[in-house]
Structure formats: structure tokens, C-alpha cells
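The next block holds one structure in the form of C-alpha cells; read it before the comments.
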Amino acid sequence: MSEDENSLEPGGLSRFDSLEELAFTEETSDPLSEAFPYSESKDSNQIYETNPLKGTEQSTASSTGLLNRDEEQQKNILFSDTNMTDVTPLSNPEMPQSPVSSERKIEDNQKVKFPSGKKVSLQVDEENEKEFDSEADNFTVDLEAKDLQEFPVDILKVKYVKYLYLDKNQIKTFQVADTGDLLGLEILSLQENGLPSIPPEIQLLHSLRVLNASYNHISCIPKELLQLENMRQLFLYSNHIENLPSGLESLRNLETLNLGKNMLTHIPESLSSLKHLQILNLEYNQLTIFSKTLCFLPKLISLNLTGNMIGSLPKEVKELKNLENLFMDHNKLTFLSVEIFQLPKIKELHLSDNKLEAISHKIENFRELRLLNLDKNLLNKIPKKISHCVMLECLSLSDNNIEALPRKIHRLKNLRQLHVNRNRMIKMAEEISHLTNINILEFSGNQITHIPIEIKNCKKMTRVELNYNNIMYFPVGLCALPSLDYLSFNGNYISEIPMDISFSKQLLHLELNKNKLPIFSEYLCSLTSLEYLDLGKNQIKTISPCISDMVSLHVLILSGNKFEVFPKELCALKNLQVLDMSENQLQKIPSEISKLKGIRKLNFSGNQFTYFPIELCKLQTLEELNLSQTSGKKLIRLPEELSNMTQLKTLDISNNAIKELPGNIGELRSLVCLQAYNNQISSLPLSFLSLKALQHLDLRGNNLTALPSAIYSLLSLKEINFDDNPLLRPPMEICKGKQLHTIARYLQRADERDEKILEKIFNIIANNITEINFEFLQQKLNMKSSENSISVRNTTPLNERIYHAFVKWKADKNLLLTATALKDELVRALNMIGAYNIMDKITALNLYTSAIRL
């Protein structure tokens, strides 16, 4: 993707840095046919999938949800994030996209994708106006996240605004003087404005065809909205709507209705009057029944009822003759009524996370079915007649109780993906070898002991996952697959790598974690294209010298093996970026490690280092370092040379016996995350306040008694944890909330109080000490004696001279010591010279001030 493309928003529109930089984009084709092709077509590859969830919220219809990998295999180790591109099943250009591929989705929170066109300034002069008149009059304005409080009336003075995006503002009403300004508006997006309701002024937008008011606080659909007869797309996802109004028949041209993630408990009969409705999203509501009303929407293509509490389907479901996509994941279905198998055009059927115990043999009627998701049900078997679903491309059966697949499964000649993870399979049927178009095969979490040699016939296979089975011998049939680039065998009993693996030159990703491998096989060294290799939790002690042939290796995991000496052979891997050798018996690191010029992430946690491996400080490219010692020997100090790792972003030194951080730790200017919990750190060095990039700080379980007053200067800090420290300044109850501003405010007030106390102590001493004792005190405090002239000494009172001497002493010391530390030093010196009368007065002052709350 070019830089220009990266600079565009999802809708292909430029972002604006200020209102003065607003631009109007000329639009040269019908935006609805461009952005919503499903409005005009029923082709399955153009069906809009209602998946507006953001961030971690994903609709069950998403491809990532259907093609999920084994959760057990999603490595959640510190160094799992690499710059390698994961070999995902949909990335192979030769493999047809599944019916849920990302190319078929248009999220409702995205902008309509208008073709990029000419931009003109908001400041329109006469010459520009003439130019507008001679050209197309469709323009787009993007005012997302501009902190607008009111509807931008001035924008509408330009009559060419038809597509207006006001997402992520605080607009509550439409205050428009001239209603004519609104007549041309066709698309309006008001997502994330905190709207409590749709303003009644919406009725002025007679030309409106698309309204997106998702992610607000709307509790009802106003009657004014129902007057917009031209409305074709209505998005009200993630609001608080409890009921649908009467009069829905007014929206007779409506084609897409998204009411997902609201609070609907029933569907009114009036919904069936929307005879042109093609896309309906009701996911994550509170529906307990599949309303018969839904069955009388003659043009309905896609229906999403994911995340409700529906227990059965009505017989009337057979009336949905045009339905192609049905999403019923995360419901309470115990059976499927046979009428559902009378839907002739069904292409995608999503039924994961229900309570289905059986599937009818009438599934043979689904001759157009492309995708079937039955994950997380109670199925013991799959009907034999599924073999009649000859168009099936993706079959997902994970997390059931299936013991065997139908014998005639080989008739599914179009099958591209087969997911049968976590079932009760004891063998892989030979018939699978006849699935000549299969790309992805997942049988993890079963009891399989053997992979048939005939698997070599699946020439198009790109990804195989057989984790956590009972496989003892590496299946050599897989070594003959010319397209296989991802292979995962974690949690088996493989003890030997066959020579045949040398033929898998195209392999990019190989996982053999938690097996019985005694050695690093030299045959692995033949995999010159391999980028990711996981041999963790085996019994390996040494590395073959020919590992230098693995020139493409980026990630190498050797954790949990039997290494006592760091294998120098690894230092020949010049392209290595991630190395995990945690949970071994390493005691030192050779200087040759400096040859790893591209290394970014190192994990040496859980080893037997007696001191910090100073050799690591030569790694200028290192970004993440883990030396946490939950097991193994404890480090007691960190070297000053640590500051040489200027690119270091994450440092984990937890679970050691470190007493102090290096004085120059502030030179780690790139440090973003510091994990130092469960140590013996008693104070933070002054340079710690130079870690301006620091965002995550975990110092729980140490010996900290005070935090630096200027900790507030670490403006990037987002997460802090000081639990289980004997903190007095601030006290632990202030730190429990883990809010930096609360801690900083306390420290600021404490500083002000300490300064006042120190000032009072200066006065107490100045007014009560003799000149001879003051001279002794100066010696104990290493105070510079002032060379005052005899005239000054004779004319200036003693208490004033002593007070000014203390002020100068404080100024000299203030850069190194806090007011509290200066007070403590004074008290110690007074004790040394025996000034007990002054000590009594200071003690009384301390008792008084300690009784006053900050």
C-alpha cells in the first residue's frame, strides 16, 4: 500500500487538521451503488455483513471468529509480537476466499467509500462557484472528532454538501435557520456523539438515504425519523433502544437496518411491512424467540440474530426464500426445525455456541451452502448426507463430541477449510486425503495417533494444525505437500525428526513445542525458508552447527529445554529477531552474542545467572529484555552498562533480589515498560525522572518508602503499581487507586508542608543555639563558613546570620536532598553536638505537624 493510501480514512477521505482545512470532494458516481452493492445485487460475494463491533468486540460472522486458531496455540509470551507476517489461511492468493472473508464485509462504522476526487477550499469565491456549477454537485465533508458542540450550520451554506460525517463530536441537536440548507443531504453519520435521542429536526432531511447514529445513547426511534421515505440504510448499532415504534411501514424503501447491540425484547408485526429489506442485524439484543414476523420479509438476504436467547426456529422460517446468510451464534438452540432446510439459497449458516445435539439429514438440501459453523455445540456426529453440500468451502466443527467424520466427506470437492479442533477423534480418516482442494486442516485437541500417508495427495494444503494429540511419529506424508507453509504439532510425543522434512523447503512456520525431542535435528537446518521455529519444552541440550543455514529464521523459541551452556551456534543467525531461551539452566552469555545484529527481543527468564549478563549490553538493537527469575538464582544488581541499550522499550527484571536501579537508568530514553516487581528496591534514582517515554511501571513488592516528588513529570505514565511496599510518602492508601495524578497531588502538598517545617526548624535553631555550638554544627553538616566581615558580625544579629547560613546550605543541598532528608540530617547533627534543648523543640514541632492531616 502506498503512503497516499495510508493517509486516507477507511472511507477513502482525507482527514482534516482544522476547520479551515475542510475540503469538499467531488463525487462522480452513485455512492450507494458504489458503497452498498448489496442494495442492487444478491450475489453472495457482495452481501453486506452487519459487523459494526469495534476493537475487541467482533461479530460472530467475522472471518477471524470462524477461522480461529487453537486458543492453546496462541502464544501469550512476552516475545510473541514480532514483525513477521503470520501465515493466515486467507493470505494465499491461490486459495478462494471463504464466504466470510474480509473483502466481503463493510462495517457500519466505516465511512462510505466514495471515489477520491477533486478537493476545493471551503472558502468559495465567485470563480469557484462558477466551476461548481459546471461540474457534478455531489460533495463529501468529513468533520470527525472536531470537538463540535453544535450542528455545523455554515458548512451547509455550500449547497453541494450531500455526504456529511460528524462522528466523535458532541452534537445533540440540529439548529438550522434555513431548512433549505438540509434538503440535499443524502448521507449523515453521527456516530459517537453521546446523543440521548435522534433530534426531531431529522425530519427536515427529506433526501436522506443513509443515517448512521451508532454508538450513542438513543433509547427510542422517533416518529420524525419515520417520515424519511427515501431512507435506504439505517444504522443504530450499540444504543439503548428497547422497542420499535409503530409506523415502520413508512420506511418502505429501507434495505438495511442495523439494530445490533440494543435492548430489544420483541419484534413488532409492523417490521414485516419493510418489503424491500435485505439486510437485518439484531445481534446482541434480548430476544428470546425467533419472531414469525421476520419470516415475512420477502427480500431478506442476511439475518443476524447472534448473541440473543433464542431456543428454537419457527416453522415459518421456510418463507425466507431469498435468505443467503443466517447468523445464530451464541443462542440457546437445542434443535433445528426441519423447515430451515427448505431455504434454497442459503450460503452461510452460523450456529456456533448453541446446544445442538444433532443435525438433520435434510441438510442435503443446502446445495448452495458455502460455510457451515457448528463450533461449541453438543454434536456426537455429522449426518452422512452433508456430502451432498457440494459447494461447501468452510466446515467448522470445533468443540463438540464428534468421534468420526462421515465416510463420504471426500465428496466435498470444494472444501477449502476443515476445523475439527477439540473433539473425540481417535484417527484421521483416509478419505480426507481425497479433498484435493483443501487448504487448511485443523484437528488439534483430539486423540489422534496417526496421520495417513495419503495426506500427501492434498497438494493445495497450506496450513495444518495437529496440536495436543497422541502423535508419536512425525507424519512424513506432510513433507510431500508442495504448498504447506504452516505446520503446528505442539503437545504431542514426537521424539525424532525424519529426513523427509528436508523436502519442505517452502515451510515458513513450524511448531513442535512440548514434544520429546532430545536433539536439535540437523534435518531442520535444511528449512532455509523457515521464519518461525518453536522447539520449546523438549529435551534439547545442544544445537547443530548447520543451523547457520537457516538464513531466514526470525523467531526461535527454545524455552524449557536442557541447555546449561548458551549455544554459540545461535550467534550465526544474523537475521534472528526474537530468541526465547527461558526456563533453561544457563549461567552466562558468551561475548559472541553481539553478532546478533538484528535481535530485537530476548527472553532469558528462569535461568541460573549469578550476575546480570553484561554481554547483553552490547546489543544496540534490543527492544525487549526479560530477566525475570520466578525460578532459578536471583540477580542482586544491574550494571551501569545497561544504559548502552538505547533502543530498549521493555525491561522485565521481576522476581529478583535487586536492591537499587542504576543511577543512570534515565539514559534508557526509549523505555516504555518497566517490570521490576518482587525485588528489594528501596528508592528510585534521580535520573529515573528522565524516563519520559515510560508508560507502564510495576514496582509492587519492593521496599520503597518514598516516591520522588517530581514523578508527575513522567507525563506518559498510564499504568502504575506500587502495591506491597512500605510506602510512607505517599502512604499506601493514596497509591492503591493507581492514579498518578492523585499521587502527584499528594506529593506536591507534602513538599509544601515539608518546606514550611524545615523553615520553622531553621528558625528554632537560629533562635536557640549559641555561636560556639553553631560552629560545631557547621562542621558536622560540612557547611561552608561564611567569611563575614567583623562589621557585619557586629551589626547583624546572630539569629539572622545563622538563618541565612541555613538558607545557603539548603540551596547547595537542595538539588540532591529533599526537605525531609535535610531535616533528618539536621536532627542527626544536633544530636551529635548535644543540643538537646533544641531537639526537644523540634520534637514538639514534629508531633504537632504530624497531628494535622494534609
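Ordering of the C-alpha cells sets the chain letters (A, B, ...); residue numbers start at 1 within each chain; ligands are numbered from 1 in the order shown.
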
Within 8 Å of region 397-404 of chain A using only C-alpha atoms, minus same-chain residues under 5 positions, as a list in words: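 The contact residues come out as Asn373, Leu374, Asp375, Lys376, Asn377, Leu378, Leu379, Asn380, Lys381, Ile382, Leu418, His419, Val420, Asn421, Arg422, Asn423, Arg424, Met425, Ile426, Lys427 and Ala429 of chain A.
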
Near-Pro196 (chain A) list (8 Å; only C-alpha atoms; drop same-chain fewer than 5 positions) as a ChimeraX atom specification: /A:172,216-219

Exercise: region 714-731 of chain A partners within 12 Å, only C-alpha atoms, chain neighbours under 6 positions left out, as a CSV table (one decimal) with N, CA, C and O atoms, in the first residue's frame:
chain,number,residue,atom,x,y,z
A,666,GLY,N,18.1,6.6,33.7
A,666,GLY,CA,17.4,7.6,32.9
A,666,GLY,C,17.8,7.7,31.5
A,666,GLY,O,17.2,8.4,30.7
A,669,ARG,N,16.2,6.2,27.2
A,669,ARG,CA,15.2,7.2,26.8
A,669,ARG,C,14.0,6.5,26.0
A,669,ARG,O,13.0,7.1,25.9
A,670,SER,N,14.2,5.3,25.5
A,670,SER,CA,13.1,4.7,24.7
A,670,SER,C,12.3,3.8,25.6
A,670,SER,O,11.3,3.2,25.1
A,671,LEU,N,12.6,3.6,26.9
A,671,LEU,CA,11.9,2.7,27.7
A,671,LEU,C,10.4,3.0,27.9
A,671,LEU,O,10.1,4.1,28.3
A,672,VAL,N,9.6,2.1,27.6
A,672,VAL,CA,8.1,2.3,27.6
A,672,VAL,C,7.5,1.5,28.8
A,672,VAL,O,6.6,1.9,29.4
A,673,CYS,N,8.1,0.3,29.1
A,673,CYS,CA,7.6,-0.6,30.1
A,673,CYS,C,8.7,-1.1,31.0
A,673,CYS,O,9.7,-1.7,30.5
A,674,LEU,N,8.5,-0.9,32.3
A,674,LEU,CA,9.5,-1.4,33.3
A,674,LEU,C,8.7,-2.3,34.3
A,674,LEU,O,7.9,-1.8,35.0
A,675,GLN,N,9.1,-3.6,34.2
A,675,GLN,CA,8.5,-4.6,35.2
A,675,GLN,C,9.6,-4.9,36.2
A,675,GLN,O,10.6,-5.6,35.8
A,676,ALA,N,9.5,-4.4,37.4
A,676,ALA,CA,10.5,-4.7,38.4
A,676,ALA,C,9.9,-5.1,39.8
A,676,ALA,O,10.4,-4.8,40.8
A,677,TYR,N,8.8,-5.8,39.7
A,677,TYR,CA,8.1,-6.2,40.9
A,677,TYR,C,8.8,-7.4,41.6
A,677,TYR,O,9.6,-8.1,41.0
A,678,ASN,N,8.5,-7.5,42.9
A,678,ASN,CA,9.2,-8.5,43.7
A,678,ASN,C,10.7,-8.5,43.7
A,678,ASN,O,11.4,-9.4,43.4
A,679,ASN,N,11.2,-7.3,44.1
A,679,ASN,CA,12.6,-7.1,44.3
A,679,ASN,C,12.8,-6.5,45.7
A,679,ASN,O,12.0,-6.6,46.6
A,680,GLN,N,14.0,-5.8,45.9
A,680,GLN,CA,14.3,-5.2,47.2
A,680,GLN,C,14.6,-3.7,47.0
A,680,GLN,O,15.4,-3.2,47.8
A,681,ILE,N,14.1,-3.1,46.0
A,681,ILE,CA,14.4,-1.7,45.6
A,681,ILE,C,13.8,-0.8,46.7
A,681,ILE,O,12.6,-0.9,47.0
A,682,SER,N,14.7,0.0,47.3
A,682,SER,CA,14.3,0.9,48.4
A,682,SER,C,14.1,2.4,48.0
A,682,SER,O,13.4,3.1,48.7
A,683,SER,N,14.6,2.7,46.8
A,683,SER,CA,14.5,4.1,46.4
A,683,SER,C,14.7,4.2,44.9
A,683,SER,O,15.3,3.2,44.3
A,687,SER,N,17.8,10.1,38.2
A,687,SER,CA,17.7,10.0,36.8
A,687,SER,C,16.4,9.3,36.3
A,687,SER,O,16.1,9.4,35.1
A,688,PHE,N,15.8,8.6,37.2
A,688,PHE,CA,14.5,7.9,36.9
A,688,PHE,C,13.5,8.8,36.3
A,688,PHE,O,12.7,8.4,35.4
A,689,LEU,N,13.5,10.1,36.7
A,689,LEU,CA,12.6,11.1,36.2
A,689,LEU,C,12.9,11.5,34.8
A,689,LEU,O,12.1,12.3,34.2
A,690,SER,N,13.9,11.0,34.2
A,690,SER,CA,14.2,11.3,32.8
A,690,SER,C,13.6,10.3,31.8
A,690,SER,O,13.7,10.4,30.6
A,691,LEU,N,12.9,9.3,32.4
A,691,LEU,CA,12.3,8.2,31.5
A,691,LEU,C,11.0,8.8,31.0
A,691,LEU,O,9.9,8.3,31.3
A,692,LYS,N,11.0,9.7,30.1
A,692,LYS,CA,9.8,10.5,29.6
A,692,LYS,C,8.9,9.6,28.7
A,692,LYS,O,7.7,9.9,28.5
A,693,ALA,N,9.4,8.5,28.2
A,693,ALA,CA,8.6,7.6,27.3
A,693,ALA,C,7.9,6.5,28.1
A,693,ALA,O,7.1,5.8,27.6
A,694,LEU,N,8.2,6.5,29.4
A,694,LEU,CA,7.7,5.4,30.2
A,694,LEU,C,6.1,5.4,30.3
A,694,LEU,O,5.6,6.5,30.7
A,695,GLN,N,5.5,4.3,30.0
A,695,GLN,CA,4.0,4.2,30.1
A,695,GLN,C,3.5,3.2,31.1
A,695,GLN,O,2.4,3.4,31.7
A,696,HIS,N,4.3,2.2,31.3
A,696,HIS,CA,3.9,1.1,32.2
A,696,HIS,C,5.0,0.9,33.3
A,696,HIS,O,6.1,0.6,32.9
A,697,LEU,N,4.6,1.0,34.6
A,697,LEU,CA,5.6,0.9,35.6
A,697,LEU,C,5.0,0.0,36.7
A,697,LEU,O,4.0,0.3,37.3
A,698,ASP,N,5.7,-1.1,37.0
A,698,ASP,CA,5.2,-2.1,38.0
A,698,ASP,C,6.3,-2.3,39.0
A,698,ASP,O,7.4,-2.9,38.7
A,699,LEU,N,6.2,-1.7,40.2
A,699,LEU,CA,7.2,-1.8,41.3
A,699,LEU,C,6.6,-2.4,42.6
A,699,LEU,O,7.1,-2.2,43.7
A,700,ARG,N,5.5,-3.2,42.4
A,700,ARG,CA,4.9,-3.8,43.6
A,700,ARG,C,5.9,-4.8,44.2
A,700,ARG,O,6.7,-5.4,43.6
A,701,GLY,N,5.7,-5.0,45.5
A,701,GLY,CA,6.5,-6.0,46.2
A,701,GLY,C,8.0,-5.6,46.4
A,701,GLY,O,8.9,-6.4,46.3
A,702,ASN,N,8.3,-4.3,46.6
A,702,ASN,CA,9.6,-3.8,46.9
A,702,ASN,C,9.7,-3.2,48.3
A,702,ASN,O,8.9,-3.4,49.1
A,703,ASN,N,10.8,-2.4,48.5
A,703,ASN,CA,11.0,-1.8,49.8
A,703,ASN,C,10.9,-0.3,49.8
A,703,ASN,O,11.5,0.4,50.5
A,704,LEU,N,10.1,0.2,48.8
A,704,LEU,CA,10.0,1.7,48.6
A,704,LEU,C,9.3,2.3,49.8
A,704,LEU,O,8.2,1.8,50.2
A,705,THR,N,9.9,3.4,50.4
A,705,THR,CA,9.3,4.1,51.5
A,705,THR,C,8.8,5.5,51.0
A,705,THR,O,7.9,6.1,51.6
A,706,ALA,N,9.4,6.0,49.9
A,706,ALA,CA,9.0,7.3,49.4
A,706,ALA,C,9.2,7.3,47.8
A,706,ALA,O,10.0,6.6,47.3
A,707,LEU,N,8.3,8.0,47.2
A,707,LEU,CA,8.4,8.2,45.8
A,707,LEU,C,8.9,9.6,45.5
A,707,LEU,O,8.6,10.6,46.3
A,708,PRO,N,9.6,9.8,44.4
A,708,PRO,CA,10.1,11.2,44.1
A,708,PRO,C,9.0,12.1,43.9
A,708,PRO,O,8.0,11.8,43.2
A,737,GLY,N,-5.2,3.4,44.5
A,737,GLY,CA,-6.0,3.7,43.3
A,737,GLY,C,-5.3,3.7,42.0
A,737,GLY,O,-5.9,3.7,41.0
A,738,LYS,N,-3.9,3.6,42.1
A,738,LYS,CA,-3.1,3.5,40.9
A,738,LYS,C,-3.3,4.7,40.0
A,738,LYS,O,-3.3,4.5,38.8
A,739,GLN,N,-3.6,5.9,40.6
A,739,GLN,CA,-3.8,7.1,39.8
A,739,GLN,C,-2.6,8.0,40.0
A,739,GLN,O,-2.4,8.5,41.1
A,740,LEU,N,-1.9,8.3,38.9
A,740,LEU,CA,-0.7,9.1,39.0
A,740,LEU,C,-1.0,10.5,39.5
A,740,LEU,O,-0.3,11.1,40.3
A,741,HIS,N,-2.1,11.1,39.0
A,741,HIS,CA,-2.4,12.5,39.4
A,741,HIS,C,-2.8,12.6,40.9
A,741,HIS,O,-2.4,13.6,41.5
A,742,THR,N,-3.4,11.5,41.5
A,742,THR,CA,-3.6,11.5,42.9
A,742,THR,C,-2.3,11.5,43.7
A,742,THR,O,-2.2,12.2,44.7
A,743,ILE,N,-1.4,10.6,43.3
A,743,ILE,CA,-0.1,10.5,43.9
A,743,ILE,C,0.7,11.8,43.8
A,743,ILE,O,1.2,12.3,44.8
A,744,ALA,N,0.7,12.4,42.6
A,744,ALA,CA,1.4,13.6,42.4
A,744,ALA,C,0.8,14.8,43.2
A,744,ALA,O,1.6,15.6,43.7
A,745,ARG,N,-0.5,14.9,43.3
A,745,ARG,CA,-1.1,15.9,44.1
A,745,ARG,C,-0.7,15.8,45.6
A,745,ARG,O,-0.5,16.8,46.2
A,746,TYR,N,-0.7,14.6,46.1
A,746,TYR,CA,-0.3,14.4,47.5
A,746,TYR,C,1.1,14.8,47.7
A,746,TYR,O,1.5,15.5,48.7
A,747,LEU,N,2.0,14.4,46.8
A,747,LEU,CA,3.4,14.7,46.9
A,747,LEU,C,3.7,16.2,46.9
A,747,LEU,O,4.5,16.8,47.6
A,748,GLN,N,2.9,16.9,46.0
A,748,GLN,CA,3.1,18.3,45.9
A,748,GLN,C,2.7,19.0,47.2
A,748,GLN,O,3.4,19.9,47.7
A,749,ARG,N,1.6,18.6,47.8
A,749,ARG,CA,1.2,19.2,49.1
A,749,ARG,C,2.2,18.8,50.2
A,749,ARG,O,2.4,19.6,51.1
A,750,ALA,N,2.7,17.5,50.1
A,750,ALA,CA,3.7,17.1,51.1
A,750,ALA,C,4.9,17.9,51.0
A,750,ALA,O,5.5,18.3,52.1
A,751,ASP,N,5.4,18.2,49.8
A,751,ASP,CA,6.6,19.1,49.6
A,751,ASP,C,6.4,20.5,50.3
A,751,ASP,O,7.3,21.0,50.9
A,754,ASP,N,6.6,20.1,54.0
A,754,ASP,CA,7.9,19.8,54.4
A,754,ASP,C,8.8,21.1,54.4
A,754,ASP,O,9.7,21.3,55.2
A,818,THR,N,15.8,16.1,49.5
A,818,THR,CA,14.5,16.7,49.7
A,818,THR,C,14.5,17.4,51.1
A,818,THR,O,15.5,17.3,51.9
A,820,THR,N,12.7,16.8,53.6
A,820,THR,CA,12.7,15.8,54.6
A,820,THR,C,14.1,15.2,54.9
A,820,THR,O,14.4,15.1,56.1
A,854,LEU,N,-2.9,16.3,56.0
A,854,LEU,CA,-2.6,17.1,54.8
A,854,LEU,C,-3.9,17.4,54.1
A,854,LEU,O,-4.8,16.6,53.9

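Omitting Glu249 (chain A) and its sequence neighbours fewer than 2 positions away, and counting only C-alpha atoms, the residues within 9 Å are Leu226, Ser246, Gly247, Leu251, Arg252, Ser270, Leu271, Ser272, Ser273, Leu274 and Lys275 of chain A.
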
Export of prior selection with N, CA, C and O atoms as a compact mmCIF listing (two decimals), in the first residue's frame:
# COMPACT_ATOMS: atom_id res chain seq x y z
N LEU A 226 -39.48 8.35 10.92
CA LEU A 226 -40.30 7.50 10.05
C LEU A 226 -40.86 8.27 8.86
O LEU A 226 -41.45 7.67 7.95
N SER A 246 -44.41 1.91 16.12
CA SER A 246 -45.39 1.59 15.07
C SER A 246 -45.13 2.55 13.92
O SER A 246 -44.51 3.60 14.09
N GLY A 247 -45.64 2.23 12.76
CA GLY A 247 -45.44 3.10 11.61
C GLY A 247 -44.20 2.81 10.82
O GLY A 247 -43.78 3.61 9.99
N LEU A 251 -41.13 3.54 6.17
CA LEU A 251 -39.78 3.39 5.62
C LEU A 251 -39.81 2.28 4.57
O LEU A 251 -39.05 1.32 4.62
N ARG A 252 -40.65 2.44 3.59
CA ARG A 252 -40.90 1.36 2.65
C ARG A 252 -39.73 1.07 1.73
O ARG A 252 -39.67 0.02 1.11
N SER A 270 -45.24 -4.92 12.62
CA SER A 270 -45.08 -3.89 11.58
C SER A 270 -43.75 -4.02 10.85
O SER A 270 -43.61 -3.48 9.74
N LEU A 271 -42.79 -4.72 11.42
CA LEU A 271 -41.50 -4.87 10.75
C LEU A 271 -41.65 -5.62 9.43
O LEU A 271 -40.90 -5.38 8.48
N SER A 272 -42.64 -6.49 9.35
CA SER A 272 -42.83 -7.27 8.13
C SER A 272 -43.29 -6.41 6.96
O SER A 272 -43.32 -6.88 5.82
N SER A 273 -43.63 -5.15 7.24
CA SER A 273 -44.06 -4.26 6.15
C SER A 273 -42.88 -3.72 5.36
O SER A 273 -43.06 -3.09 4.32
N LEU A 274 -41.66 -3.96 5.85
CA LEU A 274 -40.47 -3.48 5.14
C LEU A 274 -40.14 -4.47 4.02
O LEU A 274 -39.21 -5.28 4.11
N LYS A 275 -40.90 -4.41 2.97
CA LYS A 275 -40.83 -5.41 1.91
C LYS A 275 -39.54 -5.36 1.10
O LYS A 275 -39.23 -6.31 0.38

Close residues, His509 (chain A) itself excluded, 12 Å, only C-alpha atoms, min 3 positions apart in chain, as a VMD selection string: chain A and resid 84 to 88 462 to 465 484 to 489 504 to 506 512 524 527 to 535 552 to 557

Shell of 7 Å around Tyr165 (chain A), only C-alpha atoms, local chain residues under 5 positions omitted, as an MDAnalysis selection string: chainID A and resid 141:144 188:190

With N, CA, C and O atoms retained, write the just-selected residues as a short mmCIF file (atom, residue, chain, number, x, y, z; two decimals), in the first residue's frame.
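Everything below was put into again07.cif:
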data_model
loop_
_atom_site.label_atom_id
_atom_site.label_comp_id
_atom_site.auth_asym_id
_atom_site.auth_seq_id
_atom_site.Cartn_x
_atom_site.Cartn_y
_atom_site.Cartn_z
N VAL A 141 -18.12 15.95 3.16
CA VAL A 141 -17.44 16.70 4.20
C VAL A 141 -17.19 15.78 5.39
O VAL A 141 -18.11 15.12 5.88
N ASP A 142 -15.95 15.73 5.83
CA ASP A 142 -15.57 14.91 6.97
C ASP A 142 -15.21 15.83 8.14
O ASP A 142 -14.21 16.54 8.10
N LEU A 143 -16.04 15.80 9.20
CA LEU A 143 -15.78 16.60 10.40
C LEU A 143 -15.67 15.70 11.62
O LEU A 143 -16.14 16.03 12.70
N GLU A 144 -15.07 14.54 11.42
CA GLU A 144 -14.93 13.60 12.53
C GLU A 144 -13.97 14.14 13.59
O GLU A 144 -12.91 14.67 13.28
N LEU A 188 -25.67 10.93 6.27
CA LEU A 188 -25.31 11.61 7.51
C LEU A 188 -24.84 10.58 8.53
O LEU A 188 -25.54 9.61 8.82
N SER A 189 -23.65 10.80 9.06
CA SER A 189 -23.10 9.90 10.07
C SER A 189 -22.86 10.68 11.36
O SER A 189 -22.14 11.67 11.38
N LEU A 190 -23.49 10.20 12.45
CA LEU A 190 -23.41 10.86 13.75
C LEU A 190 -22.97 9.88 14.83
O LEU A 190 -23.43 9.93 15.97
#

Which of region 365-526 of chain A fall in strand (DSSP E or B), as a ChimeraX atom specification: /A:371-373,394-396,417-419,440-442,463-465,486-488,509-511

Would you export the selected residues with C-alpha atoms as an mmCIF file, in the first residue's frame, please?
data_model
loop_
_atom_site.group_PDB
_atom_site.id
_atom_site.type_symbol
_atom_site.label_atom_id
_atom_site.label_comp_id
_atom_site.auth_asym_id
_atom_site.auth_seq_id
_atom_site.Cartn_x
_atom_site.Cartn_y
_atom_site.Cartn_z
ATOM 1 C CA LEU A 371 -19.933 -22.043 5.004
ATOM 2 C CA LEU A 372 -21.200 -24.022 7.991
ATOM 3 C CA ASN A 373 -20.110 -23.160 11.521
ATOM 4 C CA CYS A 394 -15.605 -23.997 5.036
ATOM 5 C CA LEU A 395 -16.744 -26.535 7.645
ATOM 6 C CA SER A 396 -16.076 -25.722 11.300
ATOM 7 C CA GLN A 417 -11.126 -25.310 5.285
ATOM 8 C CA LEU A 418 -11.883 -28.051 7.796
ATOM 9 C CA HIS A 419 -11.770 -27.257 11.527
ATOM 10 C CA ILE A 440 -6.486 -25.589 5.919
ATOM 11 C CA LEU A 441 -6.767 -28.644 8.146
ATOM 12 C CA GLU A 442 -7.161 -28.349 11.933
ATOM 13 C CA ARG A 463 -1.781 -24.943 6.871
ATOM 14 C CA VAL A 464 -2.016 -27.970 9.195
ATOM 15 C CA GLU A 465 -2.613 -27.848 12.952
ATOM 16 C CA TYR A 486 2.398 -23.530 8.343
ATOM 17 C CA LEU A 487 2.700 -26.666 10.462
ATOM 18 C CA SER A 488 1.926 -26.993 14.173
ATOM 19 C CA HIS A 509 6.264 -21.659 10.294
ATOM 20 C CA LEU A 510 6.936 -24.789 12.370
ATOM 21 C CA GLU A 511 5.827 -25.502 15.940
#
